[in-house]
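S.K.: Next comes the structure file input_3.txt, holding compact mmCIF, C-alpha atoms.
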```
# COMPACT_ATOMS: atom_id res chain seq x y z
CA MET A 1 0.00 0.00 0.00
CA ALA A 2 1.32 3.44 -0.88
CA ALA A 3 2.22 5.77 1.96
CA LYS A 4 0.84 9.33 2.04
CA LEU A 5 3.43 12.12 2.08
CA GLY A 6 1.65 15.48 2.07
CA LYS A 7 -0.20 15.62 -1.25
CA ILE A 8 2.00 12.87 -2.69
CA VAL A 9 0.96 9.23 -2.38
CA ARG A 10 4.42 7.72 -2.14
CA ALA A 11 5.10 4.29 -3.63
CA PRO A 12 7.04 2.04 -1.23
CA VAL A 13 10.52 0.89 -2.25
CA SER A 14 11.70 -2.44 -0.89
CA GLU A 15 15.03 -2.75 0.89
CA GLU A 16 16.17 -5.23 -1.78
CA VAL A 17 15.53 -2.69 -4.55
CA ARG A 18 17.19 0.10 -2.56
CA LEU A 19 20.35 -1.90 -1.87
CA GLU A 20 20.68 -2.98 -5.49
CA ALA A 21 20.15 0.61 -6.62
CA VAL A 22 22.88 1.83 -4.24
CA THR A 23 25.35 -0.65 -5.73
CA ILE A 24 24.53 0.49 -9.27
CA LEU A 25 24.59 4.17 -8.29
CA ARG A 26 28.03 3.90 -6.72
CA GLN A 27 29.41 2.55 -10.01
CA ILE A 28 27.72 5.32 -12.00
CA LEU A 29 29.01 8.12 -9.80
CA LYS A 30 32.57 6.85 -9.66
CA ALA A 31 32.65 6.39 -13.43
CA HIS A 32 30.87 9.56 -14.52
CA GLU A 33 31.71 12.02 -11.74
CA GLY A 34 35.31 10.89 -11.61
CA TRP A 35 37.79 11.91 -8.92
CA HIS A 36 37.65 15.67 -8.31
CA ASP A 37 41.09 16.90 -7.29
CA GLY A 38 42.44 20.41 -7.67
CA ASP A 39 46.04 19.46 -6.84
CA LYS A 40 47.22 16.06 -8.09
CA ARG A 41 50.57 16.51 -6.36
CA THR A 42 48.98 15.67 -3.02
CA PRO A 43 47.45 12.32 -1.92
CA HIS A 44 44.20 14.06 -0.91
CA SER A 45 41.30 15.47 -2.89
CA ASP A 46 41.77 19.24 -3.01
CA PRO A 47 38.97 21.67 -3.95
CA MET A 48 38.50 22.36 -7.66
CA LEU A 49 36.00 23.99 -9.99
CA CYS A 50 33.74 21.56 -11.84
CA PRO A 51 32.68 22.35 -15.46
CA THR A 52 29.58 24.20 -14.21
CA GLY A 53 31.59 26.39 -11.85
CA TYR A 54 30.89 24.81 -8.46
CA VAL A 55 33.66 23.97 -5.99
CA THR A 56 33.85 20.19 -5.61
CA VAL A 57 35.94 17.41 -4.09
CA GLY A 58 35.85 13.60 -4.03
CA TRP A 59 33.22 12.17 -6.35
CA GLY A 60 31.39 15.40 -7.04
CA ARG A 61 30.61 16.65 -3.52
CA VAL A 62 29.81 20.37 -3.78
CA LEU A 63 31.38 22.18 -0.85
CA ILE A 64 29.26 24.43 1.36
CA ASP A 65 30.59 27.36 3.37
CA PRO A 66 29.87 26.44 7.02
CA GLN A 67 29.40 30.11 7.94
CA THR A 68 26.91 31.08 5.23
CA GLY A 69 25.38 27.72 4.38
CA GLN A 70 25.81 28.56 0.69
CA GLN A 71 27.37 26.38 -1.98
CA LEU A 72 30.81 27.63 -3.01
CA LYS A 73 31.06 28.72 -6.62
CA GLY A 74 33.52 30.47 -8.93
CA GLN A 75 37.04 31.62 -8.23
CA ALA A 76 35.99 33.41 -5.04
CA GLY A 77 34.41 30.20 -3.78
CA LEU A 78 37.53 28.22 -4.70
CA ARG A 79 39.74 30.61 -2.73
CA ARG A 80 37.37 30.34 0.24
CA ALA A 81 37.43 26.53 0.07
CA ARG A 82 41.21 26.47 0.09
CA GLU A 83 41.19 28.71 3.16
CA LEU A 84 38.70 26.46 4.96
CA TRP A 85 40.26 23.11 3.95
CA PRO A 86 43.95 23.72 3.16
CA GLN A 87 44.76 20.02 3.63
CA GLY A 88 41.98 18.83 1.33
CA PHE A 89 40.05 15.62 2.06
CA SER A 90 41.36 12.08 2.44
CA ALA A 91 40.02 9.16 0.40
CA THR A 92 38.30 7.86 3.54
CA GLU A 93 36.56 11.19 4.09
CA CYS A 94 35.47 11.29 0.44
CA GLU A 95 34.04 7.75 0.66
CA ALA A 96 32.02 8.84 3.71
CA MET A 97 30.78 11.90 1.78
CA LEU A 98 29.75 9.68 -1.14
CA ARG A 99 27.78 7.32 1.14
CA ASP A 100 26.07 10.27 2.76
CA ASP A 101 25.23 11.91 -0.57
CA MET A 102 23.90 8.68 -2.09
CA GLY A 103 21.63 8.11 0.87
CA ARG A 104 20.41 11.71 0.88
CA PHE A 105 19.69 11.90 -2.83
CA MET A 106 18.15 8.44 -3.09
CA GLY A 107 15.92 9.24 -0.13
CA GLY A 108 14.89 12.49 -1.81
CA VAL A 109 14.05 10.73 -5.08
CA THR A 110 12.16 7.93 -3.35
CA ALA A 111 10.00 10.43 -1.46
CA LEU A 112 8.81 11.88 -4.79
CA LEU A 113 7.83 8.57 -6.45
CA THR A 114 4.17 7.61 -6.75
CA LYS A 115 4.71 4.60 -9.05
CA PRO A 116 6.64 1.37 -8.41
CA VAL A 117 10.30 1.56 -9.36
CA THR A 118 13.00 -0.95 -10.22
CA ALA A 119 16.57 -0.77 -8.92
CA GLN A 120 17.76 0.30 -12.37
CA GLN A 121 15.19 3.08 -12.63
CA LEU A 122 15.90 4.28 -9.09
CA ALA A 123 19.66 4.34 -9.71
CA ALA A 124 19.23 6.23 -13.01
CA MET A 125 16.93 8.86 -11.51
CA THR A 126 19.11 9.27 -8.42
CA SER A 127 22.16 9.75 -10.65
CA LEU A 128 20.28 12.52 -12.45
CA ALA A 129 19.20 14.14 -9.17
CA TYR A 130 22.76 13.90 -7.82
CA ASN A 131 23.90 15.84 -10.87
CA ILE A 132 21.14 18.49 -11.16
CA GLY A 133 19.75 18.70 -7.61
CA LEU A 134 16.50 17.68 -5.93
CA GLY A 135 14.65 21.03 -5.93
CA LYS A 136 11.53 22.11 -7.80
CA LYS A 137 13.67 23.70 -10.51
CA ALA A 138 15.61 20.47 -10.82
CA PHE A 139 14.56 16.83 -10.32
CA ALA A 140 11.35 17.52 -8.36
CA GLY A 141 10.07 19.59 -11.27
CA SER A 142 11.56 17.46 -14.04
CA THR A 143 9.75 15.81 -16.93
CA VAL A 144 11.58 12.59 -15.99
CA LEU A 145 9.81 12.44 -12.63
CA ARG A 146 6.44 13.61 -13.98
CA LEU A 147 6.33 10.98 -16.74
CA HIS A 148 7.63 8.21 -14.49
CA ASN A 149 4.86 8.94 -12.00
CA ALA A 150 2.39 8.97 -14.91
CA GLY A 151 3.48 5.46 -15.85
CA ASP A 152 5.16 6.56 -19.11
CA ALA A 153 8.54 4.83 -18.88
CA VAL A 154 9.49 5.51 -22.52
CA GLY A 155 8.67 9.21 -22.19
CA ALA A 156 10.56 9.43 -18.91
CA SER A 157 13.62 7.81 -20.47
CA ARG A 158 13.60 10.32 -23.33
CA ALA A 159 13.41 13.20 -20.88
CA PHE A 160 16.85 12.45 -19.42
CA SER A 161 18.33 14.10 -22.52
CA MET A 162 16.79 17.44 -21.50
CA TRP A 163 19.57 17.80 -18.92
CA THR A 164 22.76 17.94 -20.99
CA LYS A 165 23.59 21.64 -20.83
CA GLY A 166 25.91 23.59 -18.57
CA ALA A 167 27.26 27.13 -18.39
CA VAL A 168 30.65 27.62 -20.02
CA ASP A 169 32.02 31.17 -20.08
CA GLY A 170 28.53 32.49 -19.39
CA ARG A 171 26.88 30.52 -22.21
CA ARG A 172 24.69 27.44 -21.86
CA GLN A 173 25.75 24.60 -24.13
CA ASP A 174 25.80 20.82 -24.33
CA LEU A 175 28.64 19.34 -22.30
CA PRO A 176 30.10 16.10 -23.74
CA GLY A 177 30.36 14.53 -20.29
CA LEU A 178 26.69 15.24 -19.57
CA VAL A 179 25.63 13.91 -22.98
CA ARG A 180 27.41 10.62 -22.24
CA ARG A 181 26.00 10.43 -18.74
CA ARG A 182 22.41 11.07 -19.84
CA ALA A 183 22.75 8.38 -22.54
CA TYR A 184 23.93 5.90 -19.92
CA GLU A 185 21.13 6.85 -17.50
CA THR A 186 18.57 6.50 -20.29
CA ALA A 187 19.78 3.02 -21.18
CA LEU A 188 19.91 2.00 -17.52
CA TYR A 189 16.40 3.28 -16.85
CA LEU A 190 15.08 1.06 -19.66
CA LEU A 191 16.83 -2.06 -18.35
CA THR A 192 13.77 -3.20 -16.42
CA PRO A 193 13.88 -6.84 -15.22
CA ALA A 194 10.89 -9.14 -15.62
CA VAL A 195 8.72 -9.43 -12.53
CA ALA A 196 6.77 -12.65 -11.97
CA PRO A 197 3.56 -12.17 -9.94
CA PRO A 198 3.29 -14.42 -6.86
CA PRO A 199 0.66 -17.17 -6.89
CA VAL A 200 -2.67 -16.25 -5.30
CA SER A 201 -5.18 -18.75 -3.99
CA ALA A 202 -8.93 -18.34 -4.36
CA GLY A 203 -9.21 -17.32 -0.73
CA ASP A 204 -6.80 -14.40 -0.85
CA ASP A 205 -8.16 -11.00 0.14
CA ASP A 206 -8.43 -7.88 -2.01
CA GLY A 207 -5.15 -6.49 -0.68
CA GLN A 208 -3.21 -9.47 -1.98
CA ALA A 209 -5.04 -9.30 -5.32
CA ALA A 210 -4.09 -5.63 -5.64
CA ALA A 211 -0.46 -6.47 -4.91
CA VAL A 212 -0.50 -9.10 -7.65
CA ALA A 213 -2.06 -6.67 -10.12
CA GLU A 214 0.60 -4.07 -9.34
CA SER A 215 3.37 -6.65 -9.70
CA ALA A 216 1.98 -7.92 -12.99
CA ALA A 217 1.79 -4.34 -14.28
CA MET A 218 5.56 -3.95 -13.96
CA PRO A 219 7.17 -3.92 -17.43
CA THR A 220 9.14 -6.94 -18.62
CA VAL A 221 11.81 -7.44 -21.25
CA GLN A 222 12.36 -10.02 -23.99
CA PRO A 223 14.96 -12.83 -23.57
CA LEU A 224 18.51 -11.52 -23.66
CA ALA A 225 19.31 -13.19 -26.97
CA THR A 226 16.45 -11.43 -28.82
CA SER A 227 15.91 -8.21 -26.87
CA ARG A 228 16.77 -5.09 -28.88
CA THR A 229 16.34 -3.11 -25.67
CA VAL A 230 19.14 -5.03 -23.99
CA ILE A 231 21.32 -4.88 -27.12
CA GLY A 232 20.85 -1.12 -27.39
CA SER A 233 21.38 -0.57 -23.67
CA ALA A 234 24.48 -2.75 -23.69
CA THR A 235 25.85 -0.77 -26.67
CA ALA A 236 25.27 2.49 -24.82
CA ALA A 237 26.79 1.17 -21.59
CA VAL A 238 29.90 -0.29 -23.27
CA ALA A 239 30.46 2.80 -25.41
CA THR A 240 30.01 5.08 -22.39
CA ALA A 241 32.44 3.06 -20.30
CA ALA A 242 34.95 3.10 -23.14
CA SER A 243 34.59 6.85 -23.55
CA VAL A 244 35.34 7.33 -19.85
CA VAL A 245 38.54 5.33 -20.34
CA ALA A 246 39.31 7.36 -23.45
CA ASP A 247 39.20 10.54 -21.37
CA THR A 248 42.34 9.32 -19.62
CA GLN A 249 45.35 10.04 -21.80
CA ASP A 250 47.39 7.30 -20.13
CA ALA A 251 44.78 4.74 -21.15
CA LEU A 252 45.18 5.72 -24.82
CA ALA A 253 48.97 5.63 -24.81
CA PRO A 254 49.42 1.90 -25.69
CA VAL A 255 47.26 2.21 -28.81
CA GLN A 256 47.88 5.85 -29.71
CA SER A 257 50.27 5.10 -32.57
CA ALA A 258 47.84 2.59 -34.08
CA LEU A 259 45.01 5.14 -33.86
CA TRP A 260 47.11 7.83 -35.51
CA SER A 261 48.11 5.48 -38.34
CA ALA A 262 44.40 4.88 -38.96
CA GLY A 263 43.76 8.63 -39.02
CA ILE A 264 41.92 8.64 -35.68
CA ASP A 265 43.04 11.00 -32.94
CA SER A 266 41.80 10.90 -29.34
CA SER A 267 39.17 13.60 -29.93
CA THR A 268 37.71 11.71 -32.88
CA LEU A 269 37.67 8.50 -30.83
CA ARG A 270 35.69 10.21 -28.06
CA LEU A 271 33.16 11.49 -30.60
CA ILE A 272 32.78 7.99 -32.07
CA LEU A 273 32.24 6.46 -28.62
CA ALA A 274 29.75 9.16 -27.63
CA GLY A 275 27.90 8.52 -30.89
CA LEU A 276 27.75 4.80 -30.15
CA ALA A 277 26.39 5.50 -26.67
CA ILE A 278 23.64 7.74 -28.05
CA ALA A 279 22.86 5.26 -30.87
CA GLY A 280 22.57 2.43 -28.36
CA ALA A 281 20.21 4.44 -26.19
CA CYS A 282 18.10 5.34 -29.26
CA LEU A 283 17.93 1.67 -30.24
CA ALA A 284 16.73 0.81 -26.76
CA LEU A 285 14.07 3.54 -26.93
CA TYR A 286 12.88 2.35 -30.35
CA ALA A 287 12.71 -1.25 -29.15
CA ARG A 288 10.58 -0.28 -26.16
CA TRP A 289 8.23 1.76 -28.37
CA SER A 290 7.99 -1.09 -30.88
CA ASP A 291 7.26 -3.63 -28.14
CA ARG A 292 4.47 -1.46 -26.75
CA ARG A 293 3.02 -0.90 -30.22
CA ASP A 294 2.92 -4.67 -30.78
CA GLY A 295 1.33 -5.29 -27.39
CA ARG A 296 4.50 -6.58 -25.69
CA ARG A 297 5.54 -5.16 -22.33
```
Step by step, read the file and then write its structure as structure tokens.

M.R.:
Amino acid sequence: MAAKLGKIVRAPVSEEVRLEAVTILRQILKAHEGWHDGDKRTPHSDPMLCPTGYVTVGWGRVLIDPQTGQQLKGQAGLRRARELWPQGFSATECEAMLRDDMGRFMGGVTALLTKPVTAQQLAAMTSLAYNIGLGKKAFAGSTVLRLHNAGDAVGASRAFSMWTKGAVDGRRQDLPGLVRRRAYETALYLLTPAVAPPPVSAGDDDGQAAAVAESAAMPTVQPLATSRTVIGSATAAVATAASVVADTQDALAPVQSALWSAGIDSSTLRLILAGLAIAGACLALYARWSDRRDGRR
């Protein structure tokens, strides 16, 4: 039974789903946020400016001035952060920050859900919220949340791509890292496992029957060997993971000469991988639409 939260009838999330989502989310954040470190000469994570101008450390923790309660931003914020934390933050401290942030953001997302959610969907939406915030001008007011709560999984998955822009030199533009991340989140959101409804005897009450109906209403996927959704999602995931590796110059060094001889530099390789990620996500979206059109969940 859904729990009432103000005007929102909140859908319960099982502990099993939550724990699986946390495991997936940790992998997403470490891969896509990366290690934020403003001084690589030290063993700690020192404050730095992220691409959108906020002062961050660890795996994307935005630092807050303890005196003002405001998020630190811009060069002035960076100077303030270095005054407050001249020694930076240890790996242990950053791990604790990540656990705290994951719990806080996942709790915030869960409180806004009125429809059942899978671990994959919860992890994808929490990754988005972690990146853009939980407020009404961010995830709470997003088309992703609105369409998910309306039961439109395909529409919700498409809406992730609305959040690919960031401010660079005062201008809003698509950021390659956000494009890759949204493609991965889209593919992950669509990776919905099959749910088998539990058996119900003739004497079961209405509450059990309702639970079965809700379980049966959860979307399923085709077998792995024939599912275009899984193929597309896997393409997006593999291409995204490869593009993250490609962002590290050291990772390209062993094959750099071979790439150059083929006329492919590192920038071109990143564009190819990003294109594969987007193509895979589009294939997954088309497969889900086609399945629904043909009456398959």

S.K.: CA of Met162 in chain A to CA of Ala31 in chain A: how many Å, to one decimal?

M.R.: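 Between these atoms lies a distance of 20.9 Å.
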
S.K.: Which residues are close to range 170-177 of chain A, i.e. within 8 Å by all atoms listed in the file, leaving aside same-chain residues fewer than 4 positions away? Reply as a ChimeraX atom specification.

M.R.: /A:32,164-166,181,274

S.K.: How many Å lie between CA of His36 in chain A and CA of Cys50 in chain A, rounded to one decimal?

M.R.: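 Computing the Euclidean distance for CA of His36 in chain A and CA of Cys50 in chain A yields 7.9 Å.
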
S.K.: One number please: CA of Ala187 in chain A to CA of Leu49 in chain A, in Å, one decimal.

M.R.: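 Separation of CA of Ala187 in chain A and CA of Leu49 in chain A: 28.8 Å.
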
S.K.: Using all atoms listed in the file, which residue out of A:Trp163, A:Gly74, A:Met106, A:Val9 lies closest to Ala119 in chain A?

M.R.: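 The answer is A:Met106, which sits nearest to Ala119 in chain A.
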
S.K.: Using only C-alpha atoms, which protein or nucleic acid residues come within 7 Å of range 53-69 of chain A? Drop anything in the same chain fewer than 5 positions from it, and give the result as a list in words.

M.R.: Leu29, Lys30, Glu33, Gly34, Trp35, His36, Asp37, Ser45, Asp46, Pro47, Met48, Gly74, Gly77, Leu78, Cys94 and Leu98 of chain A

S.K.: Those same residues - C-alpha atoms - I'd like them written as a compact mmCIF listing (two decimals), keeping the file's coordinate frame.

M.R.:
```txt
# COMPACT_ATOMS: atom_id res chain seq x y z
CA LEU A 29 29.01 8.12 -9.80
CA LYS A 30 32.57 6.85 -9.66
CA GLU A 33 31.71 12.02 -11.74
CA GLY A 34 35.31 10.89 -11.61
CA TRP A 35 37.79 11.91 -8.92
CA HIS A 36 37.65 15.67 -8.31
CA ASP A 37 41.09 16.90 -7.29
CA SER A 45 41.30 15.47 -2.89
CA ASP A 46 41.77 19.24 -3.01
CA PRO A 47 38.97 21.67 -3.95
CA MET A 48 38.50 22.36 -7.66
CA GLY A 74 33.52 30.47 -8.93
CA GLY A 77 34.41 30.20 -3.78
CA LEU A 78 37.53 28.22 -4.70
CA CYS A 94 35.47 11.29 0.44
CA LEU A 98 29.75 9.68 -1.14
```

S.K.: For Ser161 in chain A, list every protein, DNA or RNA residue within 10 Å, evaluated using only C-alpha atoms, and leave out those in the same chain fewer than 3 positions away; present the list as a PyMOL selection string.

M.R.: chain A and resi 144+156-158+164-165+178-183+185-186+278

S.K.: As a list in words, please: the residues near Ala129 in chain A (cut-off 9 Å, only C-alpha atoms, same-chain neighbours under 6 positions excluded).

M.R.: Phe105, Met106, Gly108, Val109, Gly135, Ala138, Phe139 and Ala140 of chain A

S.K.: Using only C-alpha atoms, which of A:Ala111, A:Met97, A:Ile24, A:Leu84 sits nearest Ala11 in chain A?

M.R.: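 That would be A:Ala111, the residue with the smallest distance to Ala11 in chain A.
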
S.K.: Can you work out which one of A:Pro51, A:Glu95, A:Leu122, A:Phe160 has the shortest atom-to-atom distance to Thr143 in chain A, counting only C-alpha atoms?

M.R.: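 Nearest candidate to Thr143 in chain A out of A:Pro51, A:Glu95, A:Leu122, A:Phe160: A:Phe160.
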
S.K.: With all atoms listed in the file as the basis for distance, which of A:Tyr189, A:Arg82, A:Gly141, A:Lys73 is at the shortest distance from Leu112 in chain A?

M.R.: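 Distance minimum relative to Leu112 in chain A lands on A:Gly141.
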